[in-house]
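A.B. asks: Could you have a look at this structure, given as structure tokens, before my questions?
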Amino acid sequence: MKFLCIYKPSKPEGTTPTQEEMVKMGQLIEEFTNSGILISTEGCLPSAKGARVRMSGGKFTVTDGPFTEAKEIVGGFALIRAKSKEEAIEHTKKFLKVAGDGESEIRQIFEAGDITPEYFGEKATADWK
């Protein structure tokens, strides 16, 4: 299974990690990569360099950053492999011990093997036959 882990730090946006924090994160990334857990990971630039694009009723609204709500700030992401959601949670806890205070939203990635009649409900099950 693949999981997307979206990290939202508690630190003020733009806080630069210390050299020690960078070394520890590098070691964790190397460990996760070598063990086949980590598929991809990146950090985000400050939200001042970003934008939000919304569509409602066929019309687009673009809001330029910065975004002020701490809960809205995405610090980065990791795409990982895990055997279960519980295992993904354990990997994420290990990441947070290095990254520091914050939260990580974990979302399972929809893969081809996930498409079954049961996934789509009764109507799809009837159509599937």
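Residue numbering restarts at 1 for every chain of the structure tokens, chains are lettered A, B, ... in their displayed order, and ligands are numbered from 1 as they appear.
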Give me, as a list in words, all polymer residues having an atom no more than 8 Å from A:Gly50, counting only C-alpha atoms and skipping those fewer than 3 positions away in the same chain.
C.D. replies: Pro46, Ser47, Asp64, Gly65 and Pro66 of chain A
A.B. asks: Limited to N, CA and C atoms, could you put the picked residues into a file as a PDB file, in the first residue's frame?
C.D. replies:
```
ATOM      1  N   PRO A  46       7.946  28.678   1.736  1.00  0.00           N
ATOM      2  CA  PRO A  46       6.936  29.409   2.501  1.00  0.00           C
ATOM      3  C   PRO A  46       5.681  29.682   1.675  1.00  0.00           C
ATOM      4  N   SER A  47       4.543  29.729   2.357  1.00  0.00           N
ATOM      5  CA  SER A  47       3.259  29.910   1.675  1.00  0.00           C
ATOM      6  C   SER A  47       3.165  31.241   0.935  1.00  0.00           C
ATOM      7  N   ASP A  64      -3.582  34.366  -3.410  1.00  0.00           N
ATOM      8  CA  ASP A  64      -2.135  34.290  -3.234  1.00  0.00           C
ATOM      9  C   ASP A  64      -1.796  34.199  -1.751  1.00  0.00           C
ATOM     10  N   GLY A  65      -0.680  33.500  -1.459  1.00  0.00           N
ATOM     11  CA  GLY A  65      -0.173  33.415  -0.092  1.00  0.00           C
ATOM     12  C   GLY A  65       0.380  34.758   0.320  1.00  0.00           C
ATOM     13  N   PRO A  66       0.787  34.950   1.531  1.00  0.00           N
ATOM     14  CA  PRO A  66       0.925  33.903   2.539  1.00  0.00           C
ATOM     15  C   PRO A  66      -0.406  33.565   3.202  1.00  0.00           C
TER      16      PRO A  66
END
```
A.B. asks: Could you name the residues that touch A:Ala88 at 9 Å or less, counting only C-alpha atoms, but leaving out those on the same chain fewer than 4 positions away, as a list in words?
C.D. replies: Lys2, Phe3, Cys5, Ile80, Arg81, Ala82, Lys83, Ser84, Thr92, Lys93 and Ile106 of chain A
A.B. asks: Using only C-alpha atoms, which of the listed residues (A:Val74, A:Met22, A:Ile6, A:Leu38) sits closest to A:His91?
C.D. replies: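 When distances to A:His91 are compared using only C-alpha atoms, the smallest one comes from A:Leu38.
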A.B. asks: What is the atom CA of A:Thr68-atom CA of A:Gly100 distance in Å, reported with one decimal?
C.D. replies: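 Atom CA of A:Gly100 lies at a distance of 20.2 Å from atom CA of A:Thr68.
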A.B. asks: If you count only C-alpha atoms, which residues fall within 7 Å of A:Val98, apart from same-chain ones fewer than 4 positions away, as a list in words?
C.D. replies: Lys24, Met25 and Lys94 of chain A
A.B. asks: Distance atom CA of A:Leu4-atom CA of A:Leu79, one decimal place?
C.D. replies: 4.7 Å
A.B. asks: Report as a list in words all protein, DNA and RNA residues lying within 9 Å of A:Leu45, evaluated on only C-alpha atoms, omitting residues in the same chain fewer than 3 positions from it.
C.D. replies: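 Counting only the stated atoms, we get Gly14, Ala48, Lys49, Gly50, Gly75 and Gly76 of chain A.
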A.B. asks: By how many Å are atom CA of A:Gln108 and atom CA of A:Gly58 apart?
C.D. replies: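 Spanning atom CA of A:Gln108 to atom CA of A:Gly58 is a straight-line distance of 28.9 Å.
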A.B. asks: DSSP on the backbone, then: every residue of stretch 51-96 of chain A marked strand (DSSP E), written as a short mmCIF file (atom, residue, chain, number, x, y, z; two decimals) with N, CA and C atoms, in the first residue's frame.
C.D. replies:
```
data_model
loop_
_atom_site.label_atom_id
_atom_site.label_comp_id
_atom_site.auth_asym_id
_atom_site.auth_seq_id
_atom_site.Cartn_x
_atom_site.Cartn_y
_atom_site.Cartn_z
N ALA A 51 -0.13 29.76 -3.82
CA ALA A 51 -1.47 30.25 -4.12
C ALA A 51 -2.46 29.11 -3.90
N ARG A 52 -3.72 29.48 -3.73
CA ARG A 52 -4.81 28.50 -3.67
C ARG A 52 -5.73 28.80 -4.84
N VAL A 53 -6.15 27.74 -5.51
CA VAL A 53 -7.07 27.88 -6.63
C VAL A 53 -8.33 27.10 -6.26
N ARG A 54 -9.47 27.81 -6.27
CA ARG A 54 -10.74 27.17 -5.95
C ARG A 54 -11.69 27.35 -7.13
N MET A 55 -12.59 26.37 -7.29
CA MET A 55 -13.63 26.51 -8.29
C MET A 55 -14.97 26.27 -7.62
N SER A 56 -15.91 27.16 -7.87
CA SER A 56 -17.25 27.05 -7.33
C SER A 56 -18.21 27.56 -8.39
N LYS A 59 -16.69 28.92 -11.58
CA LYS A 59 -15.82 30.10 -11.55
C LYS A 59 -14.63 29.84 -10.63
N PHE A 60 -13.49 30.35 -11.06
CA PHE A 60 -12.25 30.17 -10.31
C PHE A 60 -11.97 31.37 -9.42
N THR A 61 -11.43 31.08 -8.24
CA THR A 61 -10.92 32.10 -7.34
C THR A 61 -9.48 31.72 -7.01
N VAL A 62 -8.58 32.68 -7.17
CA VAL A 62 -7.17 32.44 -6.86
C VAL A 62 -6.80 33.34 -5.68
N THR A 63 -6.27 32.74 -4.64
CA THR A 63 -5.82 33.48 -3.46
C THR A 63 -4.32 33.28 -3.32
N ASP A 64 -3.58 34.37 -3.41
CA ASP A 64 -2.13 34.29 -3.23
C ASP A 64 -1.80 34.20 -1.75
N GLY A 76 5.58 20.03 4.07
CA GLY A 76 6.14 19.09 3.12
C GLY A 76 5.31 17.83 3.07
N PHE A 77 5.80 16.85 2.32
CA PHE A 77 5.08 15.60 2.18
C PHE A 77 6.06 14.45 2.04
N ALA A 78 5.54 13.27 2.27
CA ALA A 78 6.28 12.03 1.99
C ALA A 78 5.29 11.04 1.40
N LEU A 79 5.71 10.35 0.37
CA LEU A 79 4.95 9.24 -0.19
C LEU A 79 5.67 7.98 0.25
N ILE A 80 4.97 7.15 1.03
CA ILE A 80 5.62 5.97 1.62
C ILE A 80 4.89 4.68 1.26
N ARG A 81 5.60 3.57 1.46
CA ARG A 81 5.01 2.23 1.35
C ARG A 81 4.85 1.68 2.77
#
```
A.B. asks: List the spatial neighbours of A:Lys71 as a PyMOL selection string - criterion: any atom at most 9 Å away, only C-alpha atoms, same-chain residues fewer than 5 positions off excluded.
C.D. replies: chain A and resi 8-10
A.B. asks: Can I get the selected residues back with C-alpha atoms, as a short mmCIF file (atom, residue, chain, number, x, y, z; two decimals), in the first residue's frame?
C.D. replies:
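File produced: out-v2.cif:
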```
data_model
loop_
_atom_site.label_atom_id
_atom_site.label_comp_id
_atom_site.auth_asym_id
_atom_site.auth_seq_id
_atom_site.Cartn_x
_atom_site.Cartn_y
_atom_site.Cartn_z
CA LYS A 8 2.02 20.56 9.02
CA PRO A 9 4.64 21.92 11.45
CA SER A 10 3.78 23.78 14.65
#
```
A.B. asks: Between A:Gly26, A:Gly113, A:Gly36, A:Gly57, single out the one closest to A:Phe95, counting only C-alpha atoms.
C.D. replies: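 For A:Phe95, the nearest of the given residues is A:Gly26.
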